[in-house]
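To start, the structure under review is shown below, and the notes come after it.
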Amino acid sequence: MSDRKIRILIAKPGLDGHDRGAKVLARCFRDAGFEVIYTGCHQTPEQVASAAIQEDVDVVGLSCLSGAHMYLYPQVVKLLKEQGADDITVIGGGIIPDKDLQPLYDAGLKALFTPGATLESLVDWINENIHPRT
Amino acid sequence: MFTEELLNQSSSLRKKWEDEVKKITSKRADQKSEWTTVSDLPIRRLYGPEDIKDMDFEKDISYPGQYPYLRGNQATGYRGKYWTFRMFAGMGSAAVTNERWHYLLNTGQTGLSTAFDFPTLMGYDTDSPKAKGECGKCGVAIDTIDDFQTLIKGIPLDKITTSMTINPPATAIWAMYLASAEIQGIPLSKLGGTIQNDMLKEFIAQKTLMCPPEASVKLISDTVEFGTRHVPNWNTISISGYHIREAGATAVQELAFTLRDGMEYVEDTIRRKGLHVDEFAPRLSFFFNSHVDFFEEIAKMRAARRIWAKAMRERYNSQDPRSWWMRFHTQTAGCSLTAQQPYNNVVRTALQALAAVLGGTQSLHTNSLDEVLCLPSDHAVQIALRTQQIIADETGVANTLDPLAGSYFVEALTNEMEEKAWEYIHKIDEMGGMVKAIENGFPQLEISDAAYKFQKQIDAKEKIMIGVNKYVTDEVVEIPLIEIDDSIETQQIARLHEVKRKRDNRFVAECLKNLAQACKKGENVMPFCIETVKAYGTMQEICDVYREVYGEYRDPGIY
C-alpha cells in the first residue's frame, strides 16, 4: 500500500459561476486529509482534463449549476479517455434532474451528488471507492 | 431615549422576570443553550428599554422621509405606492422570454427584470466554443440588437421600467436598450430602468468575470457618467448583496460588503469623472437578499438605509437628500430553497417576502417553488407573484409605515447590524478600499469561511433546514419541470449568422475599431457601444475589444 494521499481536482466546467458548493467541498476534502486542487470557475472541459492529467489526480469532482451538465460532464470523461487517463475517476454534483442521472452514469460518471448530500457522505464515498494510484 | 424613572422601573421589573426565568429553567432547561440567527448572531432571551437606551431619537430613529431614513425614504411609504412587483425572468430565446414577460404583466406584475443566459452574462456569442451547451439554459440568449428588439416587443419602454442583471457586458446590453428606445422614438430622458453593472460583487461572489477589477470599475464609471448626462432616470448600478449572500455570506457580511462596494463606486466616480457626488448618487440603487431569519433581515434592511444616509452625508459631504436615500430591490433567498419537499418553498418565500416588505423594500422578486431545480414554470411563477400581491392587498402590513420601529428587539438588532457592518467597512478602508481588499482575497475568504461553517452546521443539525436535516421523508414529489431544448442553441446560432450575413461588416469593423480607440484613450465607451450595436455588432465582438484592450481576468479560485 502506498501512503500517498488521495488527490482530488475540484473543477467548474463551463460558464457557471455558482462556486459555493465547489469551494465548500474543496475545504471539506482538504480537512479530510486529501490533497485538493481547485482551478476556479470557467474552465473548459479541455482545461479540466489537462489539469487532471498534469496534476496526476485520482479523482475529478465536477460542479455545474447552469444546466449545461449534460454536455460538460460527459465531455470531460471523453477527453480523459482520449488522452489515456480513464483511470481517473470522474464524479459530479449540482442541480441534476433525476432523468439526467442514468445518462450521466452511462457516459462514465462514477458518482453523482445532488442536493441534500452531506459532506460526510462525500468523504465516505471517496474513502471507500478511491485508492491512490502508486 | 427613556427617562431615568422609566429605566429604573424597567430594571426592577426585569429583575423579577429574570428570577422567574431562573426558577423555571432550573426545573426545565431550555430546548437548547444557544439561540442564534441563521448567520450565527447570538440573540438574547428578551430585549427591553435598557437595550436601546443610548439611542438618540432624532439622530438614530426619526421619521420616514427624514434623515437618517431608518424608517423609509418616502414620507408616505407604501400608501403612496406599493413596492414594484418585479419577477426575474428569462429563458431560451428572446421570443420565448418576451412571451413570459407579457404573461407576467398580464398577471399584475408592475416592472420587468431580465435573466440572461451564461454566454450573454459572460460576453460570449452563442456560437463561441465556450458557450456550448449553455444557450438559453438559465436565462435568455442575446447576441445582437436583433434579439434585443424581439425581447422588448410590445413593451412600452416609456411606461415600464426594466431591470437587467448584466455585469461585465453591461455597456453592450444597455447600449442595445438605449438604441432600441431610440428606434422606437422614445427619448432617453423618458427611460427608466436598472442595469446591475456591479462588478465588485462579481469578483467577490457571483463570478461572471471578464476584465480585471480596475478596468471593470472604469467601465462602470463610464455608464454612471453617461447616465448622469443623458439618461437621468436610469439606475446605473444596482449594488448587490444578493449574490454575496447566496455565496454563503452572513447577513452582516452582505450588508457591509455591499455598502462598501457602493462607497467604492462613489469614490471612483468622483475621482475618475470629476462629477460631484450629488450629480450621480441619487441614481445608485441597491439589491439585497431576504433570507430565512425574519428579524435579522428586517434589521439588515433598516440598518442599510441608515448606514448609507450617514455615509453619504458624512463621508462624502453630499447635500442632496436624494443621494442619502438607499433605494433597493430585494429577492428572496434562492439558497434557502430545498429540492426536497419543494412545495415548502412557497412558505419560505412568503415569509422572506414579508420580511422584505417590513424592511421597506422598493421592489421585490419572489422565488418560485421550482427554482431550486430549474427555471420556473408559468404556474409556479404565478404563485410566487400572487404571494407578493397577497402581502400587499390582504395582510394589512402595508397599512402603516415601518411597523416594527420602536420594538426593543428590532431596534437593538438594527443597531448591532450597523455596528458590525461599520467594523468591516473600516477594516476594508484600512486595506485601501474594496478593489484592494478583493485583490487580497479578503471578502472572498470571509464568505468561504461562513459558507463552510454553515454547511458543517447543517450536517451536524445545529442549523435546521426542513426536509433536508429534519422531518426528512422518502416521498418523491413530482413537480413539472421546464426544460430548455438543445434545439434553441442551433436556432440561436442560425439567427446570429443570418444577422452577420446581412449587416455591413466593414462598418461594424470600423465601429469596433473606434470602440477600441476609445478604450485606449480612456474615453467614455457608451457612445461607441451604441454605434456598434446599431450596426449589428455582437455582444462578443464588443466584449472581445474589452478583453483585448484591458486584458482578461481569470478566477483565482480562492477557497
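A note on labels: chains of the C-alpha cells are A, B, ... as shown, every chain counts residues from 1, and ligands are counted from 1 in their shown order.
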- Task: For chain A, report every residue with an atom at most 6 Å from chain B (counting only C-alpha atoms), formatted as a PyMOL selection string.
- Result: chain A and resi 15+17+20+23-24+39-41+67-68+71+116
- Message: List the spatial neighbours of segment 176-180 of chain B as a ChimeraX atom specification - criterion: any atom at most 12 Å away, only C-alpha atoms, same-chain residues fewer than 6 positions off excluded.
- Response: /B:114,142-153,155-158,161-164,169-170,186-195,223,226-227,230-231,234,526-539,542
- Item | Gln54 of chain A surroundings by only C-alpha atoms, 12 Å radius, close-in-sequence under 5 positions cut, as a list in words |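 Contacts, with the query itself left out: Arg7, Leu9, Ile37, Gln47, Val48, Ala49, Leu80, Gln83, Ala85 and Ile88 of chain A.
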Just C-alpha atoms for this one: save the residues we selected as a PDB file, in the first residue's frame.
```pdb
ATOM      1  CA  ARG A   7      -5.502  13.720  -4.908  1.00  0.00           C
ATOM      2  CA  LEU A   9      -9.289  18.061  -8.624  1.00  0.00           C
ATOM      3  CA  ILE A  37      -6.586  21.278  -6.359  1.00  0.00           C
ATOM      4  CA  GLN A  47      -8.687  22.649 -19.365  1.00  0.00           C
ATOM      5  CA  VAL A  48     -10.235  20.360 -16.770  1.00  0.00           C
ATOM      6  CA  ALA A  49      -8.910  17.220 -18.445  1.00  0.00           C
ATOM      7  CA  LEU A  80      -9.686  11.961 -20.293  1.00  0.00           C
ATOM      8  CA  GLN A  83      -5.741  11.036 -23.513  1.00  0.00           C
ATOM      9  CA  ALA A  85      -6.352   8.820 -18.500  1.00  0.00           C
ATOM     10  CA  ILE A  88      -9.069   8.926 -13.252  1.00  0.00           C
TER      11      ILE A  88
END
```
- Item | Those in segment 304-435 of chain B with strand (DSSP E or B) from DSSP, as a count of residues only | 8
- Would you mind listing what lies within 8 Å of Met417 of chain B as a ChimeraX atom specification, with only C-alpha atoms counted and same-chain residues fewer than 4 positions away left out? /B:252,299-300,303,413,421
Residues as selected, N, CA and C atoms, written as an mmCIF file, in the first residue's frame, can you do that?
```cif
data_model
loop_
_atom_site.group_PDB
_atom_site.id
_atom_site.type_symbol
_atom_site.label_atom_id
_atom_site.label_comp_id
_atom_site.auth_asym_id
_atom_site.auth_seq_id
_atom_site.Cartn_x
_atom_site.Cartn_y
_atom_site.Cartn_z
ATOM 1 N N VAL B 252 -24.517 40.204 8.128
ATOM 2 C CA VAL B 252 -23.633 41.350 8.363
ATOM 3 C C VAL B 252 -22.635 41.499 7.209
ATOM 4 N N ALA B 299 -33.851 43.869 10.209
ATOM 5 C CA ALA B 299 -32.851 44.737 10.838
ATOM 6 C C ALA B 299 -31.771 45.126 9.824
ATOM 7 N N LYS B 300 -31.391 44.170 8.998
ATOM 8 C CA LYS B 300 -30.362 44.427 7.986
ATOM 9 C C LYS B 300 -30.789 45.532 7.029
ATOM 10 N N ALA B 303 -30.978 48.880 8.815
ATOM 11 C CA ALA B 303 -29.616 49.364 9.076
ATOM 12 C C ALA B 303 -28.981 49.885 7.786
ATOM 13 N N LEU B 413 -31.334 45.037 17.369
ATOM 14 C CA LEU B 413 -30.702 44.215 16.334
ATOM 15 C C LEU B 413 -30.245 45.097 15.165
ATOM 16 N N ALA B 421 -21.352 46.093 10.746
ATOM 17 C CA ALA B 421 -21.060 46.435 9.346
ATOM 18 C C ALA B 421 -19.974 47.502 9.286
#
```
- Query: Quick one: residues within 12 Å of Gln75 of chain A, only C-alpha atoms counted, chain neighbours fewer than 2 positions away excluded, as a PyMOL selection string?
  - Reply: (chain A and resi 13-14+44-49+62+68-73+77-82+90+104+107-109) or (chain B and resi 132-133)
For the selection just defined, write its residues with N, CA and C atoms to a file, as an mmCIF file, in the first residue's frame.
```
data_model
loop_
_atom_site.group_PDB
_atom_site.id
_atom_site.type_symbol
_atom_site.label_atom_id
_atom_site.label_comp_id
_atom_site.auth_asym_id
_atom_site.auth_seq_id
_atom_site.Cartn_x
_atom_site.Cartn_y
_atom_site.Cartn_z
ATOM 1 N N PRO A 13 -16.552 23.250 -14.772
ATOM 2 C CA PRO A 13 -16.535 23.416 -16.220
ATOM 3 C C PRO A 13 -17.661 24.352 -16.665
ATOM 4 N N GLY A 14 -17.438 25.037 -17.767
ATOM 5 C CA GLY A 14 -18.498 25.883 -18.327
ATOM 6 C C GLY A 14 -18.457 27.293 -17.782
ATOM 7 N N THR A 44 -12.793 25.252 -19.394
ATOM 8 C CA THR A 44 -13.354 24.452 -20.481
ATOM 9 C C THR A 44 -13.112 22.976 -20.144
ATOM 10 N N PRO A 45 -13.885 22.067 -20.730
ATOM 11 C CA PRO A 45 -13.626 20.641 -20.484
ATOM 12 C C PRO A 45 -12.173 20.275 -20.807
ATOM 13 N N GLU A 46 -11.610 20.903 -21.839
ATOM 14 C CA GLU A 46 -10.220 20.632 -22.212
ATOM 15 C C GLU A 46 -9.276 21.015 -21.066
ATOM 16 N N GLN A 47 -9.538 22.203 -20.477
ATOM 17 C CA GLN A 47 -8.687 22.649 -19.365
ATOM 18 C C GLN A 47 -8.812 21.721 -18.158
ATOM 19 N N VAL A 48 -10.023 21.246 -17.919
ATOM 20 C CA VAL A 48 -10.235 20.360 -16.770
ATOM 21 C C VAL A 48 -9.451 19.059 -16.981
ATOM 22 N N ALA A 49 -9.588 18.488 -18.169
ATOM 23 C CA ALA A 49 -8.910 17.220 -18.445
ATOM 24 C C ALA A 49 -7.405 17.398 -18.357
ATOM 25 N N LEU A 62 -16.693 17.335 -10.514
ATOM 26 C CA LEU A 62 -17.217 18.415 -11.354
ATOM 27 C C LEU A 62 -18.432 19.070 -10.696
ATOM 28 N N ALA A 68 -25.914 23.022 -17.837
ATOM 29 C CA ALA A 68 -25.155 22.544 -19.001
ATOM 30 C C ALA A 68 -24.401 21.246 -18.701
ATOM 31 N N HIS A 69 -24.759 20.580 -17.586
ATOM 32 C CA HIS A 69 -24.015 19.373 -17.179
ATOM 33 C C HIS A 69 -24.086 18.244 -18.209
ATOM 34 N N MET A 70 -25.182 18.177 -18.984
ATOM 35 C CA MET A 70 -25.324 17.061 -19.923
ATOM 36 C C MET A 70 -24.303 17.129 -21.052
ATOM 37 N N TYR A 71 -23.828 18.317 -21.347
ATOM 38 C CA TYR A 71 -22.748 18.419 -22.328
ATOM 39 C C TYR A 71 -21.385 18.341 -21.632
ATOM 40 N N LEU A 72 -21.235 19.133 -20.564
ATOM 41 C CA LEU A 72 -19.903 19.325 -19.986
ATOM 42 C C LEU A 72 -19.350 18.084 -19.278
ATOM 43 N N TYR A 73 -20.186 17.402 -18.491
ATOM 44 C CA TYR A 73 -19.654 16.272 -17.711
ATOM 45 C C TYR A 73 -19.170 15.138 -18.621
ATOM 46 N N VAL A 77 -15.166 13.348 -19.307
ATOM 47 C CA VAL A 77 -14.869 11.912 -19.292
ATOM 48 C C VAL A 77 -14.255 11.491 -20.629
ATOM 49 N N LYS A 78 -14.870 11.987 -21.700
ATOM 50 C CA LYS A 78 -14.426 11.616 -23.044
ATOM 51 C C LYS A 78 -12.984 12.082 -23.289
ATOM 52 N N LEU A 79 -12.693 13.327 -22.902
ATOM 53 C CA LEU A 79 -11.359 13.874 -23.145
ATOM 54 C C LEU A 79 -10.303 13.120 -22.337
ATOM 55 N N LEU A 80 -10.633 12.730 -21.110
ATOM 56 C CA LEU A 80 -9.686 11.961 -20.293
ATOM 57 C C LEU A 80 -9.388 10.619 -20.963
ATOM 58 N N LYS A 81 -10.453 10.012 -21.457
ATOM 59 C CA LYS A 81 -10.306 8.712 -22.101
ATOM 60 C C LYS A 81 -9.412 8.836 -23.336
ATOM 61 N N GLU A 82 -9.688 9.871 -24.112
ATOM 62 C CA GLU A 82 -8.907 10.081 -25.342
ATOM 63 C C GLU A 82 -7.429 10.255 -25.048
ATOM 64 N N VAL A 90 -14.214 10.143 -12.421
ATOM 65 C CA VAL A 90 -14.917 11.426 -12.535
ATOM 66 C C VAL A 90 -16.256 11.340 -11.802
ATOM 67 N N LEU A 104 -25.904 10.182 -17.400
ATOM 68 C CA LEU A 104 -24.568 10.612 -16.965
ATOM 69 C C LEU A 104 -23.741 9.418 -16.465
ATOM 70 N N ALA A 107 -22.512 7.670 -19.339
ATOM 71 C CA ALA A 107 -21.418 8.381 -20.009
ATOM 72 C C ALA A 107 -20.101 8.206 -19.263
ATOM 73 N N GLY A 108 -20.133 7.571 -18.096
ATOM 74 C CA GLY A 108 -18.881 7.277 -17.408
ATOM 75 C C GLY A 108 -18.670 7.986 -16.081
ATOM 76 N N LEU A 109 -19.648 8.788 -15.647
ATOM 77 C CA LEU A 109 -19.548 9.392 -14.317
ATOM 78 C C LEU A 109 -19.703 8.278 -13.287
ATOM 79 N N LYS B 132 -20.897 26.474 -25.626
ATOM 80 C CA LYS B 132 -21.559 25.227 -25.999
ATOM 81 C C LYS B 132 -22.283 24.595 -24.806
ATOM 82 N N GLY B 133 -23.544 24.277 -25.041
ATOM 83 C CA GLY B 133 -24.346 23.615 -24.009
ATOM 84 C C GLY B 133 -25.066 24.569 -23.074
#
```
- Item | All residues 9 Å or closer to Ile383 of chain B, only C-alpha atoms, same chain fewer than 6 positions away omitted, as a PyMOL selection string | chain B and resi 346+368-369
- Item | Counting only C-alpha atoms, the residue of A:Phe29, A:Lys99, A:Gly61, A:Pro115 that sits nearest Gln341 of chain B |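 Using only C-alpha atoms, the shortest distance to Gln341 of chain B belongs to A:Pro115.
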- Task: Give me the residues within 10 Å of Arg133 of chain A as a VMD selection string, counting only C-alpha atoms and dropping any in the same chain fewer than 2 places off.
- Result: chain A and resid 1 to 7 56 to 58 87 to 88 130 to 131
- Those in segment 14-100 of chain A with helix (DSSP H, G or I) from DSSP, as a PyMOL selection string: chain A and resi 20-31+45-54+69-82+98-100
With N, CA and C atoms kept, could you save the residues just selected as a compact mmCIF listing (two decimals), in the first residue's frame?
```
# COMPACT_ATOMS: atom_id res chain seq x y z
N ARG A 20 -20.15 28.19 -4.66
CA ARG A 20 -20.26 27.94 -3.22
C ARG A 20 -20.04 26.46 -2.90
N GLY A 21 -20.73 25.61 -3.63
CA GLY A 21 -20.62 24.17 -3.38
C GLY A 21 -19.22 23.67 -3.64
N ALA A 22 -18.62 24.09 -4.74
CA ALA A 22 -17.28 23.63 -5.11
C ALA A 22 -16.27 24.02 -4.03
N LYS A 23 -16.40 25.24 -3.54
CA LYS A 23 -15.43 25.72 -2.55
C LYS A 23 -15.63 25.07 -1.19
N VAL A 24 -16.89 24.85 -0.82
CA VAL A 24 -17.16 24.15 0.45
C VAL A 24 -16.56 22.74 0.37
N LEU A 25 -16.74 22.10 -0.78
CA LEU A 25 -16.20 20.75 -0.94
C LEU A 25 -14.69 20.73 -0.91
N ALA A 26 -14.07 21.74 -1.56
CA ALA A 26 -12.61 21.80 -1.58
C ALA A 26 -12.08 21.86 -0.15
N ARG A 27 -12.72 22.68 0.66
CA ARG A 27 -12.29 22.78 2.07
C ARG A 27 -12.54 21.49 2.83
N CYS A 28 -13.69 20.91 2.57
CA CYS A 28 -14.07 19.70 3.28
C CYS A 28 -13.08 18.57 2.95
N PHE A 29 -12.74 18.43 1.68
CA PHE A 29 -11.81 17.37 1.28
C PHE A 29 -10.41 17.64 1.84
N ARG A 30 -10.04 18.90 1.89
CA ARG A 30 -8.74 19.24 2.46
C ARG A 30 -8.71 18.84 3.94
N ASP A 31 -9.80 19.19 4.65
CA ASP A 31 -9.87 18.84 6.07
C ASP A 31 -9.93 17.33 6.28
N PRO A 45 -13.89 22.07 -20.73
CA PRO A 45 -13.63 20.64 -20.48
C PRO A 45 -12.17 20.27 -20.81
N GLU A 46 -11.61 20.90 -21.84
CA GLU A 46 -10.22 20.63 -22.21
C GLU A 46 -9.28 21.01 -21.07
N GLN A 47 -9.54 22.20 -20.48
CA GLN A 47 -8.69 22.65 -19.36
C GLN A 47 -8.81 21.72 -18.16
N VAL A 48 -10.02 21.25 -17.92
CA VAL A 48 -10.24 20.36 -16.77
C VAL A 48 -9.45 19.06 -16.98
N ALA A 49 -9.59 18.49 -18.17
CA ALA A 49 -8.91 17.22 -18.44
C ALA A 49 -7.40 17.40 -18.36
N SER A 50 -6.90 18.48 -18.91
CA SER A 50 -5.45 18.63 -18.92
C SER A 50 -4.93 18.91 -17.51
N ALA A 51 -5.69 19.66 -16.69
CA ALA A 51 -5.27 19.88 -15.30
C ALA A 51 -5.27 18.56 -14.54
N ALA A 52 -6.27 17.71 -14.80
CA ALA A 52 -6.36 16.43 -14.09
C ALA A 52 -5.13 15.57 -14.38
N ILE A 53 -4.72 15.59 -15.65
CA ILE A 53 -3.58 14.76 -16.04
C ILE A 53 -2.28 15.34 -15.49
N GLN A 54 -2.13 16.65 -15.67
CA GLN A 54 -0.89 17.29 -15.18
C GLN A 54 -0.71 17.15 -13.69
N HIS A 69 -24.76 20.58 -17.59
CA HIS A 69 -24.01 19.37 -17.18
C HIS A 69 -24.09 18.24 -18.21
N MET A 70 -25.18 18.18 -18.98
CA MET A 70 -25.32 17.06 -19.92
C MET A 70 -24.30 17.13 -21.05
N TYR A 71 -23.83 18.32 -21.35
CA TYR A 71 -22.75 18.42 -22.33
C TYR A 71 -21.39 18.34 -21.63
N LEU A 72 -21.24 19.13 -20.56
CA LEU A 72 -19.90 19.33 -19.99
C LEU A 72 -19.35 18.08 -19.28
N TYR A 73 -20.19 17.40 -18.49
CA TYR A 73 -19.65 16.27 -17.71
C TYR A 73 -19.17 15.14 -18.62
N PRO A 74 -20.01 14.66 -19.55
CA PRO A 74 -19.53 13.59 -20.43
C PRO A 74 -18.31 14.01 -21.26
N GLN A 75 -18.25 15.30 -21.58
CA GLN A 75 -17.14 15.79 -22.38
C GLN A 75 -15.81 15.62 -21.63
N VAL A 76 -15.81 15.88 -20.33
CA VAL A 76 -14.59 15.71 -19.54
C VAL A 76 -14.19 14.24 -19.52
N VAL A 77 -15.17 13.35 -19.31
CA VAL A 77 -14.87 11.91 -19.29
C VAL A 77 -14.26 11.49 -20.63
N LYS A 78 -14.87 11.99 -21.70
CA LYS A 78 -14.43 11.62 -23.04
C LYS A 78 -12.98 12.08 -23.29
N LEU A 79 -12.69 13.33 -22.90
CA LEU A 79 -11.36 13.87 -23.14
C LEU A 79 -10.30 13.12 -22.34
N LEU A 80 -10.63 12.73 -21.11
CA LEU A 80 -9.69 11.96 -20.29
C LEU A 80 -9.39 10.62 -20.96
N LYS A 81 -10.45 10.01 -21.46
CA LYS A 81 -10.31 8.71 -22.10
C LYS A 81 -9.41 8.84 -23.34
N GLU A 82 -9.69 9.87 -24.11
CA GLU A 82 -8.91 10.08 -25.34
C GLU A 82 -7.43 10.25 -25.05
N ASP A 98 -33.51 14.16 -11.98
CA ASP A 98 -33.45 12.69 -11.90
C ASP A 98 -33.25 12.03 -13.26
N LYS A 99 -33.93 12.57 -14.26
CA LYS A 99 -33.89 11.90 -15.56
C LYS A 99 -32.51 11.99 -16.23
N ASP A 100 -31.69 12.92 -15.74
CA ASP A 100 -30.33 13.05 -16.31
C ASP A 100 -29.33 12.10 -15.64
```
